[in-house]
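The file protein35.cif contains mmCIF, C-alpha atoms:
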```cif
data_run
loop_
_atom_site.label_atom_id
_atom_site.label_comp_id
_atom_site.auth_asym_id
_atom_site.auth_seq_id
_atom_site.Cartn_x
_atom_site.Cartn_y
_atom_site.Cartn_z
CA MET A 1 -20.29 17.37 1.20
CA THR A 2 -21.27 16.10 4.65
CA THR A 3 -18.56 16.16 7.30
CA LYS A 4 -17.53 12.67 8.37
CA THR A 5 -17.69 12.14 12.09
CA LYS A 6 -14.91 10.33 13.93
CA SER A 7 -15.35 7.60 16.50
CA ARG A 8 -13.65 7.36 19.87
CA CYS A 9 -12.38 3.98 18.66
CA GLN A 10 -10.17 5.71 16.08
CA ILE A 11 -7.01 5.67 18.17
CA LEU A 12 -4.22 5.29 15.62
CA ASN A 13 -2.45 8.37 14.31
CA ARG A 14 -0.52 8.55 11.04
CA GLU A 15 2.85 7.56 12.53
CA TRP A 16 1.53 4.53 14.43
CA LEU A 17 -0.27 3.29 11.35
CA LYS A 18 2.98 3.44 9.38
CA VAL A 19 4.90 1.67 12.15
CA LEU A 20 2.37 -1.17 12.17
CA ALA A 21 2.58 -1.48 8.38
CA MET A 22 6.38 -1.63 8.51
CA LEU A 23 6.22 -4.30 11.21
CA PHE A 24 3.85 -6.47 9.15
CA MET A 25 6.10 -5.97 6.12
CA VAL A 26 9.18 -7.14 8.03
CA PHE A 27 7.39 -10.37 8.99
CA ASP A 28 6.60 -11.02 5.33
CA HIS A 29 10.06 -10.23 4.02
CA ALA A 30 11.81 -12.14 6.80
CA TYR A 31 9.80 -15.22 5.84
CA MET A 32 10.74 -14.74 2.17
CA THR A 33 14.44 -14.46 2.88
CA ILE A 34 15.63 -16.12 6.09
CA VAL A 35 12.78 -18.09 7.71
CA ASN A 36 11.17 -19.82 4.72
CA VAL A 37 10.51 -23.16 6.43
CA ALA A 38 7.44 -25.21 7.29
CA GLY A 39 5.53 -23.98 10.29
CA TYR A 40 6.33 -20.31 9.75
CA GLY A 41 3.82 -19.55 7.03
CA TRP A 42 1.97 -17.38 9.54
CA MET A 43 4.68 -14.76 9.01
CA THR A 44 3.79 -14.17 5.37
CA GLN A 45 0.10 -14.44 6.21
CA ILE A 46 0.52 -11.56 8.68
CA GLY A 47 2.47 -9.79 5.97
CA ARG A 48 -0.65 -9.66 3.75
CA ILE A 49 -1.89 -6.88 6.02
CA ALA A 50 0.97 -4.51 5.20
CA PHE A 51 0.39 -3.51 1.58
CA PRO A 52 -3.17 -2.14 1.88
CA ILE A 53 -2.11 0.00 4.86
CA PHE A 54 0.77 1.43 2.83
CA ALA A 55 -1.59 1.99 -0.12
CA PHE A 56 -3.98 3.84 2.18
CA GLU A 57 -1.10 5.97 3.49
CA ILE A 58 -0.07 6.85 -0.07
CA ALA A 59 -3.60 8.06 -0.85
CA GLU A 60 -3.68 9.92 2.46
CA GLY A 61 -0.26 11.48 1.85
CA TYR A 62 -1.25 12.58 -1.64
CA THR A 63 -4.37 14.23 -0.24
CA HIS A 64 -2.51 16.21 2.42
CA THR A 65 0.80 17.05 0.74
CA SER A 66 1.33 20.66 -0.24
CA ASP A 67 3.71 19.71 -3.07
CA LYS A 68 2.46 16.78 -5.15
CA SER A 69 5.33 17.07 -7.62
CA LYS A 70 7.86 16.69 -4.81
CA TYR A 71 5.91 13.69 -3.55
CA LEU A 72 6.25 12.02 -6.96
CA ARG A 73 9.93 12.97 -7.16
CA ASN A 74 10.70 11.46 -3.76
CA MET A 75 8.86 8.27 -4.70
CA LEU A 76 10.85 7.99 -7.94
CA ILE A 77 14.17 8.54 -6.16
CA PHE A 78 13.49 5.87 -3.55
CA ALA A 79 12.04 3.49 -6.13
CA LEU A 80 15.39 3.65 -7.93
CA ILE A 81 17.34 3.33 -4.67
CA SER A 82 15.26 0.31 -3.64
CA GLU A 83 15.50 -1.64 -6.89
CA ILE A 84 18.84 -3.39 -6.33
CA PRO A 85 18.04 -4.39 -2.72
CA TYR A 86 14.67 -5.63 -3.94
CA ASN A 87 16.22 -7.66 -6.74
CA LEU A 88 18.65 -9.22 -4.27
CA MET A 89 15.75 -10.19 -2.02
CA MET A 90 13.63 -11.61 -4.84
CA GLY A 91 16.27 -13.61 -6.67
CA GLY A 92 19.75 -12.82 -5.44
CA GLU A 93 20.46 -10.80 -8.60
CA ILE A 94 21.43 -7.19 -9.24
CA ILE A 95 19.05 -6.80 -12.18
CA GLY A 96 15.49 -8.11 -12.21
CA PRO A 97 13.57 -6.64 -15.16
CA PHE A 98 10.42 -8.69 -14.62
CA HIS A 99 9.59 -7.62 -11.07
CA GLN A 100 9.85 -4.03 -9.82
CA ASN A 101 9.72 -2.96 -6.19
CA VAL A 102 6.63 -1.57 -4.51
CA MET A 103 7.87 2.03 -4.69
CA PHE A 104 7.28 1.83 -8.46
CA THR A 105 3.76 0.58 -7.72
CA PHE A 106 3.13 3.67 -5.62
CA LEU A 107 4.83 5.94 -8.16
CA LEU A 108 2.43 4.79 -10.87
CA ALA A 109 -0.47 5.21 -8.45
CA LEU A 110 0.51 8.83 -7.79
CA VAL A 111 0.61 9.52 -11.53
CA PHE A 112 -2.91 8.14 -11.95
CA LEU A 113 -4.13 10.07 -8.91
CA LYS A 114 -3.03 13.25 -10.66
CA LEU A 115 -5.01 12.17 -13.72
CA ILE A 116 -8.08 11.60 -11.54
CA ASP A 117 -7.66 15.06 -10.04
CA LYS A 118 -7.56 16.58 -13.53
CA VAL A 119 -10.84 14.87 -14.38
CA LEU A 120 -12.46 15.99 -11.12
CA ALA A 121 -11.34 19.57 -11.74
CA ARG A 122 -13.11 19.69 -15.10
CA SER A 123 -16.66 20.93 -15.46
CA PHE A 124 -17.81 17.65 -16.97
CA HIS A 125 -21.19 16.08 -16.28
CA LEU A 126 -21.01 13.61 -13.38
CA ALA A 127 -21.62 10.65 -15.70
CA ILE A 128 -18.69 11.70 -17.90
CA LYS A 129 -16.44 12.02 -14.85
CA VAL A 130 -17.43 8.54 -13.66
CA ILE A 131 -16.67 7.05 -17.09
CA CYS A 132 -13.30 8.84 -17.28
CA ILE A 133 -12.29 7.73 -13.77
CA ALA A 134 -13.34 4.15 -14.53
CA GLY A 135 -11.15 4.29 -17.64
CA ILE A 136 -8.24 5.58 -15.56
CA CYS A 137 -8.68 2.70 -13.12
CA VAL A 138 -8.62 0.15 -15.97
CA LEU A 139 -5.56 1.85 -17.46
CA SER A 140 -3.81 1.75 -14.08
CA VAL A 141 -4.27 -2.02 -13.88
CA ILE A 142 -2.98 -2.51 -17.43
CA THR A 143 0.03 -0.21 -16.90
CA GLY A 144 1.01 -1.75 -13.57
CA THR A 145 0.76 -5.26 -15.01
CA ILE A 146 2.85 -4.42 -18.08
CA ALA A 147 5.45 -2.67 -15.89
CA PHE A 148 5.78 -5.79 -13.65
CA VAL A 149 5.43 -3.74 -10.47
CA ASP A 150 4.94 -5.43 -7.11
CA TYR A 151 1.30 -6.52 -6.63
CA SER A 152 0.89 -5.92 -10.38
CA GLY A 153 -1.66 -3.45 -11.65
CA PHE A 154 -4.02 -4.38 -8.84
CA GLY A 155 -1.56 -2.85 -6.39
CA VAL A 156 -1.83 0.43 -8.28
CA LEU A 157 -5.60 0.13 -8.30
CA THR A 158 -5.64 -0.39 -4.51
CA VAL A 159 -4.26 3.12 -3.97
CA LEU A 160 -6.83 4.57 -6.35
CA ILE A 161 -9.68 2.83 -4.52
CA PHE A 162 -8.60 4.31 -1.19
CA TYR A 163 -8.38 7.76 -2.78
CA LEU A 164 -11.81 7.48 -4.41
CA ALA A 165 -13.30 6.14 -1.18
CA LYS A 166 -12.19 9.34 0.57
CA LEU A 167 -14.42 11.30 -1.81
CA MET A 168 -17.55 9.57 -0.53
CA PRO A 169 -19.93 11.85 1.42
CA LYS A 170 -20.53 9.49 4.35
CA LYS A 171 -18.08 7.47 6.45
CA TYR A 172 -20.05 4.25 6.11
CA ILE A 173 -20.03 4.61 2.30
CA GLU A 174 -16.28 5.20 2.37
CA MET A 175 -15.80 2.05 4.47
CA ALA A 176 -18.06 0.04 2.15
CA VAL A 177 -16.06 1.12 -0.92
CA GLN A 178 -12.82 0.18 0.84
CA PHE A 179 -14.16 -3.24 1.85
CA VAL A 180 -15.65 -4.13 -1.53
CA GLY A 181 -12.58 -2.86 -3.36
CA LEU A 182 -10.12 -4.82 -1.22
CA TRP A 183 -12.34 -7.91 -1.32
CA TYR A 184 -12.48 -7.86 -5.12
CA ILE A 185 -8.75 -7.25 -5.57
CA ASN A 186 -7.41 -9.61 -2.93
CA TRP A 187 -10.04 -12.36 -2.84
CA VAL A 188 -11.14 -12.51 -6.49
CA CYS A 189 -8.24 -11.13 -8.54
CA LEU A 190 -5.09 -12.03 -6.58
CA GLY A 191 -6.27 -14.92 -4.41
CA GLY A 192 -3.14 -17.02 -4.18
CA LYS A 193 -2.66 -20.11 -2.05
CA VAL A 194 -5.83 -21.41 -0.48
CA LEU A 195 -5.90 -21.88 3.29
CA ILE A 196 -8.15 -24.71 4.47
CA PHE A 197 -9.43 -24.48 8.04
CA PRO A 198 -10.42 -27.49 10.20
CA ASN A 199 -14.11 -27.19 9.29
CA GLY A 200 -13.27 -27.31 5.59
CA PHE A 201 -13.72 -23.57 5.01
CA GLU A 202 -11.40 -22.37 2.23
CA PHE A 203 -9.85 -18.93 2.38
CA PRO A 204 -7.38 -17.40 -0.14
CA GLU A 205 -4.19 -16.35 1.62
CA GLN A 206 -4.18 -12.94 -0.06
CA GLY A 207 -7.68 -12.44 1.33
CA LEU A 208 -6.06 -11.86 4.70
CA ALA A 209 -5.26 -8.40 3.36
CA LEU A 210 -8.80 -7.43 4.34
CA LEU A 211 -7.63 -7.50 7.97
CA SER A 212 -5.77 -4.28 7.17
CA LEU A 213 -9.12 -2.50 7.32
CA VAL A 214 -9.25 -3.11 11.06
CA PHE A 215 -6.22 -0.85 11.48
CA ILE A 216 -7.23 1.61 8.77
CA TRP A 217 -10.62 2.11 10.39
CA LEU A 218 -8.86 2.84 13.70
CA TYR A 219 -6.99 5.71 12.03
CA ASN A 220 -8.03 9.11 13.35
CA GLY A 221 -6.57 11.24 10.55
CA LYS A 222 -4.13 12.96 12.90
CA LYS A 223 -0.35 13.11 13.12
CA SER A 224 1.64 13.28 16.34
CA LEU A 225 4.85 14.76 14.95
CA THR A 226 5.52 18.22 13.59
CA GLY A 227 8.45 20.19 12.20
CA LYS A 228 11.85 18.51 12.12
CA SER A 229 10.59 15.39 13.90
CA GLU A 230 7.92 14.88 11.26
CA LYS A 231 10.43 15.31 8.43
CA ALA A 232 12.91 12.92 10.07
CA PHE A 233 10.23 10.26 10.52
CA LYS A 234 9.07 10.69 6.92
CA TYR A 235 12.54 10.03 5.53
CA PHE A 236 13.10 7.22 8.01
CA CYS A 237 10.06 5.51 6.44
CA TYR A 238 11.44 6.08 2.95
CA TRP A 239 14.84 4.63 3.88
CA PHE A 240 13.39 1.79 5.93
CA TYR A 241 12.12 -0.01 2.84
CA PRO A 242 15.43 -0.44 0.95
CA GLY A 243 17.37 -0.66 4.23
CA HIS A 244 15.53 -3.59 5.77
CA ILE A 245 15.36 -5.65 2.56
CA LEU A 246 19.08 -5.07 1.96
CA LEU A 247 19.82 -6.27 5.50
CA LEU A 248 17.58 -9.33 5.15
CA SER A 249 19.08 -10.14 1.75
CA PHE A 250 22.61 -9.88 3.16
CA ILE A 251 21.71 -12.23 6.02
CA ALA A 252 20.10 -14.71 3.63
CA LEU A 253 22.98 -14.67 1.12
CA TYR A 254 25.99 -14.58 3.40
CA LEU A 255 25.09 -15.56 6.97
CA ILE A 256 22.76 -18.52 6.51
#
```

Give the structure from this file in structure tokens form.
Amino acid sequence: MTTKTKSRCQILNREWLKVLAMLFMVFDHAYMTIVNVAGYGWMTQIGRIAFPIFAFEIAEGYTHTSDKSKYLRNMLIFALISEIPYNLMMGGEIIGPFHQNVMFTFLLALVFLKLIDKVLARSFHLAIKVICIAGICVLSVITGTIAFVDYSGFGVLTVLIFYLAKLMPKKYIEMAVQFVGLWYINWVCLGGKVLIFPNGFEFPEQGLALLSLVFIWLYNGKKSLTGKSEKAFKYFCYWFYPGHILLLSFIALYLI
């Protein structure tokens, strides 16, 4: 496989990419909970950028982790921890069986990534591998939809697309797969509210998720933290998700 060259424009390391994703996520969740008024829709529009960056980071983390089972276990633990805060944010209820938090989306994605790895490790003909992986992608969409995870089965598929894109031999092919995949999922499948610009051009709100590629393509594949600092930051990111939505939910329920 040809080595992919990096550009001088790739200035974002792993930690900064996560920080940006968390910032975009806070805008979205703050709009959902405490600032849901006319004139502030830009907050949730900015928030569309967050999920694909997180999905990319999950694929990246899965690629680089030395213990994939521990990665799945951590995701399961924090999916369970996050469920009550998430339910409070979504409907002010403790139990919400028809909408699971995004950690469950990523947990399912990790399970399907392991299935893809098993297929790739087999000595099948390339055509058979392609068919099997396509079947896994379809199954991931069906499973995520049935499980009512955040972003439905297409959220699970987003992680798989980023992982499969990394297997491409050339950087421009990887970027093309990422673009086409995100375009299809967010523009065609999810769509959502249509934004109409002054010249009459219509744009699906969820299509703004494609802007995430600007930041993903600035990623240089490096990390700036090591040792205890890296571990502390990793668990800060895990705890940030349930922590910030619990705080926003508390403000929305009791202080507004």

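Distance annotation: of A:Ser249, A:Lys231, A:Phe98, A:Val159, the residue with the minimal separation from Val35 (chain A) is A:Ser249; atom set is all atoms listed in the file.
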
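The residues caught by the PyMOL selection byres ((chain A and resi 185) around 10) in this file are Phe154, Gly155, Leu157, Thr158, Val180, Gly181, Leu182, Trp183, Tyr184, Asn186, Trp187, Val188, Cys189, Leu190, Gly191, Gln206, Gly207, Ala209 and Leu210 of chain A.
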
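Nearest residue to Phe104 (chain A) among A:Val149, A:Tyr86, A:Ile81, A:Lys129 is A:Val149, counting only C-alpha atoms.
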
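Every protein, DNA or RNA residue with an atom at most 8 Å from Phe56 (chain A), where all atoms listed in the file count and chain neighbours fewer than 6 positions away do not, is listed here: Val159, Phe162, Tyr163 and Ile216 of chain A.
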
For the residues in the current selection, export C-alpha atoms as a compact mmCIF listing (two decimals), keeping the file's coordinate frame.
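Saved result, result00.txt, follows:
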```
# COMPACT_ATOMS: atom_id res chain seq x y z
CA VAL A 159 -4.26 3.12 -3.97
CA PHE A 162 -8.60 4.31 -1.19
CA TYR A 163 -8.38 7.76 -2.78
CA ILE A 216 -7.23 1.61 8.77
```

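Atom pair CA of Ile142 (chain A) / CA of Tyr31 (chain A): separated by 29.4 Å.
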
Take the PyMOL selection byres ((chain A and resi 100) around 10), apply it to the structure above, and return the hits as number ranges by chain.
A: 79-80, 82-84, 86-87, 90, 95-99, 101-105, 144, 147-152

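Counting from CA of Gln178 (chain A), the distance to CA of Leu213 (chain A) is 7.9 Å.
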
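The shortest atom-to-atom distance to Cys237 (chain A), with all atoms listed in the file taken into account, belongs to A:Met75 out of A:Phe27, A:Ile46, A:Glu60, A:Met75.
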
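With distances taken over all atoms listed in the file, A:Ala59 is the one residue among A:Val138, A:Cys132, A:Leu88, A:Ala59 lying closest to Leu110 (chain A).
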
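CA of His64 (chain A) to CA of Lys222 (chain A) spans 11.1 Å [interatomic distance, one decimal].
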
Return the single residue from A:Ser229, A:Gly47, A:Tyr254, A:Ile146 that is closest to Met32 (chain A), with distances computed using all atoms listed in the file.
A:Gly47

Evaluate the PyMOL selection byres ((chain A and resi 13) around 8) and report residues as a VMD selection string
chain A and resid 11 to 12 14 to 17 219 to 224

Distance table requested - region 174-256 of chain A against region 164-170 of chain A, cut-off 9 Å, all atoms listed in the file: one row per qualifying residue with the closest atom pair and its distance in Å to one decimal, ordered by chain and rising residue number, as CSV.
```
residue,atom,partner,partner_atom,distance
A:Glu174,CA,A:Ala165,CA,4.7
A:Met175,CA,A:Ala165,CA,7.4
A:Ala176,CA,A:Ala165,CA,8.4
A:Val177,CA,A:Ala165,CA,5.7
A:Gln178,CA,A:Ala165,CA,6.3
```

Within 12 Å of (9.3, -14.0, 6.9), in the coordinates the file gives, what residues turn up when you count all atoms listed in the file, written out as a VMD selection string?
chain A and resid 23 to 48 89 245 248 to 249 252

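Here the selection is built from only C-alpha atoms, and the residues within 9 Å of (-3.8, -23.8, -1.4) turn out to be Gly192, Lys193, Val194, Leu195, Ile196, Glu202, Phe203, Pro204 and Glu205 of chain A.
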
Missing atoms in region 30-64 of chain A: can you complete it with N, CA and C atoms, as a PDB file, in the frame of the given file?
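Okay, this is what ended up in out23.pdb:
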```
ATOM      1  N   ALA A  30      10.944 -11.209   6.058  1.00  0.00           N
ATOM      2  CA  ALA A  30      11.810 -12.140   6.800  1.00  0.00           C
ATOM      3  C   ALA A  30      11.478 -13.577   6.441  1.00  0.00           C
ATOM      4  N   TYR A  31      10.198 -13.863   6.252  1.00  0.00           N
ATOM      5  CA  TYR A  31       9.800 -15.220   5.840  1.00  0.00           C
ATOM      6  C   TYR A  31      10.335 -15.520   4.439  1.00  0.00           C
ATOM      7  N   MET A  32      10.275 -14.545   3.543  1.00  0.00           N
ATOM      8  CA  MET A  32      10.740 -14.740   2.170  1.00  0.00           C
ATOM      9  C   MET A  32      12.228 -15.001   2.085  1.00  0.00           C
ATOM     10  N   THR A  33      12.985 -14.433   3.010  1.00  0.00           N
ATOM     11  CA  THR A  33      14.440 -14.460   2.880  1.00  0.00           C
ATOM     12  C   THR A  33      15.148 -15.423   3.837  1.00  0.00           C
ATOM     13  N   ILE A  34      14.819 -15.375   5.118  1.00  0.00           N
ATOM     14  CA  ILE A  34      15.630 -16.120   6.090  1.00  0.00           C
ATOM     15  C   ILE A  34      14.870 -17.146   6.907  1.00  0.00           C
ATOM     16  N   VAL A  35      13.528 -17.162   6.857  1.00  0.00           N
ATOM     17  CA  VAL A  35      12.780 -18.090   7.710  1.00  0.00           C
ATOM     18  C   VAL A  35      11.780 -18.895   6.871  1.00  0.00           C
ATOM     19  N   ASN A  36      12.112 -19.158   5.629  1.00  0.00           N
ATOM     20  CA  ASN A  36      11.170 -19.820   4.720  1.00  0.00           C
ATOM     21  C   ASN A  36      11.168 -21.332   4.955  1.00  0.00           C
ATOM     22  N   VAL A  37      10.592 -21.743   6.079  1.00  0.00           N
ATOM     23  CA  VAL A  37      10.510 -23.160   6.430  1.00  0.00           C
ATOM     24  C   VAL A  37       9.106 -23.489   6.892  1.00  0.00           C
ATOM     25  N   ALA A  38       8.777 -24.769   6.883  1.00  0.00           N
ATOM     26  CA  ALA A  38       7.440 -25.210   7.290  1.00  0.00           C
ATOM     27  C   ALA A  38       7.157 -24.783   8.727  1.00  0.00           C
ATOM     28  N   GLY A  39       5.944 -24.380   8.949  1.00  0.00           N
ATOM     29  CA  GLY A  39       5.530 -23.980  10.290  1.00  0.00           C
ATOM     30  C   GLY A  39       5.597 -22.492  10.530  1.00  0.00           C
ATOM     31  N   TYR A  40       6.195 -21.755   9.584  1.00  0.00           N
ATOM     32  CA  TYR A  40       6.330 -20.310   9.750  1.00  0.00           C
ATOM     33  C   TYR A  40       5.540 -19.531   8.692  1.00  0.00           C
ATOM     34  N   GLY A  41       4.629 -20.222   8.040  1.00  0.00           N
ATOM     35  CA  GLY A  41       3.820 -19.550   7.030  1.00  0.00           C
ATOM     36  C   GLY A  41       2.991 -18.415   7.591  1.00  0.00           C
ATOM     37  N   TRP A  42       2.741 -18.452   8.900  1.00  0.00           N
ATOM     38  CA  TRP A  42       1.970 -17.380   9.540  1.00  0.00           C
ATOM     39  C   TRP A  42       2.647 -16.020   9.361  1.00  0.00           C
ATOM     40  N   MET A  43       3.974 -16.032   9.153  1.00  0.00           N
ATOM     41  CA  MET A  43       4.680 -14.760   9.010  1.00  0.00           C
ATOM     42  C   MET A  43       4.272 -14.051   7.717  1.00  0.00           C
ATOM     43  N   THR A  44       4.207 -14.802   6.628  1.00  0.00           N
ATOM     44  CA  THR A  44       3.790 -14.170   5.370  1.00  0.00           C
ATOM     45  C   THR A  44       2.301 -13.901   5.346  1.00  0.00           C
ATOM     46  N   GLN A  45       1.535 -14.696   6.111  1.00  0.00           N
ATOM     47  CA  GLN A  45       0.100 -14.440   6.210  1.00  0.00           C
ATOM     48  C   GLN A  45      -0.163 -13.120   6.933  1.00  0.00           C
ATOM     49  N   ILE A  46       0.594 -12.867   8.001  1.00  0.00           N
ATOM     50  CA  ILE A  46       0.520 -11.560   8.680  1.00  0.00           C
ATOM     51  C   ILE A  46       0.957 -10.458   7.731  1.00  0.00           C
ATOM     52  N   GLY A  47       1.953 -10.775   6.910  1.00  0.00           N
ATOM     53  CA  GLY A  47       2.470  -9.790   5.970  1.00  0.00           C
ATOM     54  C   GLY A  47       1.469  -9.303   4.956  1.00  0.00           C
ATOM     55  N   ARG A  48       0.387 -10.085   4.711  1.00  0.00           N
ATOM     56  CA  ARG A  48      -0.650  -9.660   3.750  1.00  0.00           C
ATOM     57  C   ARG A  48      -1.305  -8.363   4.199  1.00  0.00           C
ATOM     58  N   ILE A  49      -1.218  -8.065   5.487  1.00  0.00           N
ATOM     59  CA  ILE A  49      -1.890  -6.880   6.020  1.00  0.00           C
ATOM     60  C   ILE A  49      -1.159  -5.598   5.632  1.00  0.00           C
ATOM     61  N   ALA A  50       0.134  -5.696   5.356  1.00  0.00           N
ATOM     62  CA  ALA A  50       0.970  -4.510   5.200  1.00  0.00           C
ATOM     63  C   ALA A  50       0.618  -3.663   3.978  1.00  0.00           C
ATOM     64  N   PHE A  51       0.514  -4.294   2.810  1.00  0.00           N
ATOM     65  CA  PHE A  51       0.390  -3.510   1.580  1.00  0.00           C
ATOM     66  C   PHE A  51      -0.826  -2.580   1.562  1.00  0.00           C
ATOM     67  N   PRO A  52      -2.033  -3.070   1.916  1.00  0.00           N
ATOM     68  CA  PRO A  52      -3.170  -2.140   1.880  1.00  0.00           C
ATOM     69  C   PRO A  52      -3.002  -0.941   2.812  1.00  0.00           C
ATOM     70  N   ILE A  53      -2.333  -1.136   3.950  1.00  0.00           N
ATOM     71  CA  ILE A  53      -2.110   0.000   4.860  1.00  0.00           C
ATOM     72  C   ILE A  53      -1.189   1.012   4.189  1.00  0.00           C
ATOM     73  N   PHE A  54      -0.116   0.523   3.550  1.00  0.00           N
ATOM     74  CA  PHE A  54       0.770   1.430   2.830  1.00  0.00           C
ATOM     75  C   PHE A  54       0.025   2.143   1.699  1.00  0.00           C
ATOM     76  N   ALA A  55      -0.827   1.390   0.982  1.00  0.00           N
ATOM     77  CA  ALA A  55      -1.590   1.990  -0.120  1.00  0.00           C
ATOM     78  C   ALA A  55      -2.516   3.089   0.407  1.00  0.00           C
ATOM     79  N   PHE A  56      -3.136   2.833   1.544  1.00  0.00           N
ATOM     80  CA  PHE A  56      -3.980   3.840   2.180  1.00  0.00           C
ATOM     81  C   PHE A  56      -3.159   5.071   2.550  1.00  0.00           C
ATOM     82  N   GLU A  57      -1.965   4.850   3.087  1.00  0.00           N
ATOM     83  CA  GLU A  57      -1.100   5.970   3.490  1.00  0.00           C
ATOM     84  C   GLU A  57      -0.657   6.788   2.279  1.00  0.00           C
ATOM     85  N   ILE A  58      -0.455   6.117   1.144  1.00  0.00           N
ATOM     86  CA  ILE A  58      -0.070   6.850  -0.070  1.00  0.00           C
ATOM     87  C   ILE A  58      -1.217   7.763  -0.501  1.00  0.00           C
ATOM     88  N   ALA A  59      -2.440   7.238  -0.499  1.00  0.00           N
ATOM     89  CA  ALA A  59      -3.600   8.060  -0.850  1.00  0.00           C
ATOM     90  C   ALA A  59      -3.777   9.206   0.140  1.00  0.00           C
ATOM     91  N   GLU A  60      -3.567   8.903   1.411  1.00  0.00           N
ATOM     92  CA  GLU A  60      -3.680   9.920   2.460  1.00  0.00           C
ATOM     93  C   GLU A  60      -2.596  10.984   2.300  1.00  0.00           C
ATOM     94  N   GLY A  61      -1.364  10.539   2.038  1.00  0.00           N
ATOM     95  CA  GLY A  61      -0.260  11.480   1.850  1.00  0.00           C
ATOM     96  C   GLY A  61      -0.477  12.374   0.652  1.00  0.00           C
ATOM     97  N   TYR A  62      -0.986  11.794  -0.439  1.00  0.00           N
ATOM     98  CA  TYR A  62      -1.250  12.580  -1.640  1.00  0.00           C
ATOM     99  C   TYR A  62      -2.308  13.646  -1.366  1.00  0.00           C
ATOM    100  N   THR A  63      -3.297  13.290  -0.567  1.00  0.00           N
ATOM    101  CA  THR A  63      -4.370  14.230  -0.240  1.00  0.00           C
ATOM    102  C   THR A  63      -3.861  15.421   0.550  1.00  0.00           C
ATOM    103  N   HIS A  64      -2.929  15.166   1.479  1.00  0.00           N
ATOM    104  CA  HIS A  64      -2.510  16.210   2.420  1.00  0.00           C
ATOM    105  C   HIS A  64      -1.221  16.933   2.015  1.00  0.00           C
TER     106      HIS A  64
END
```
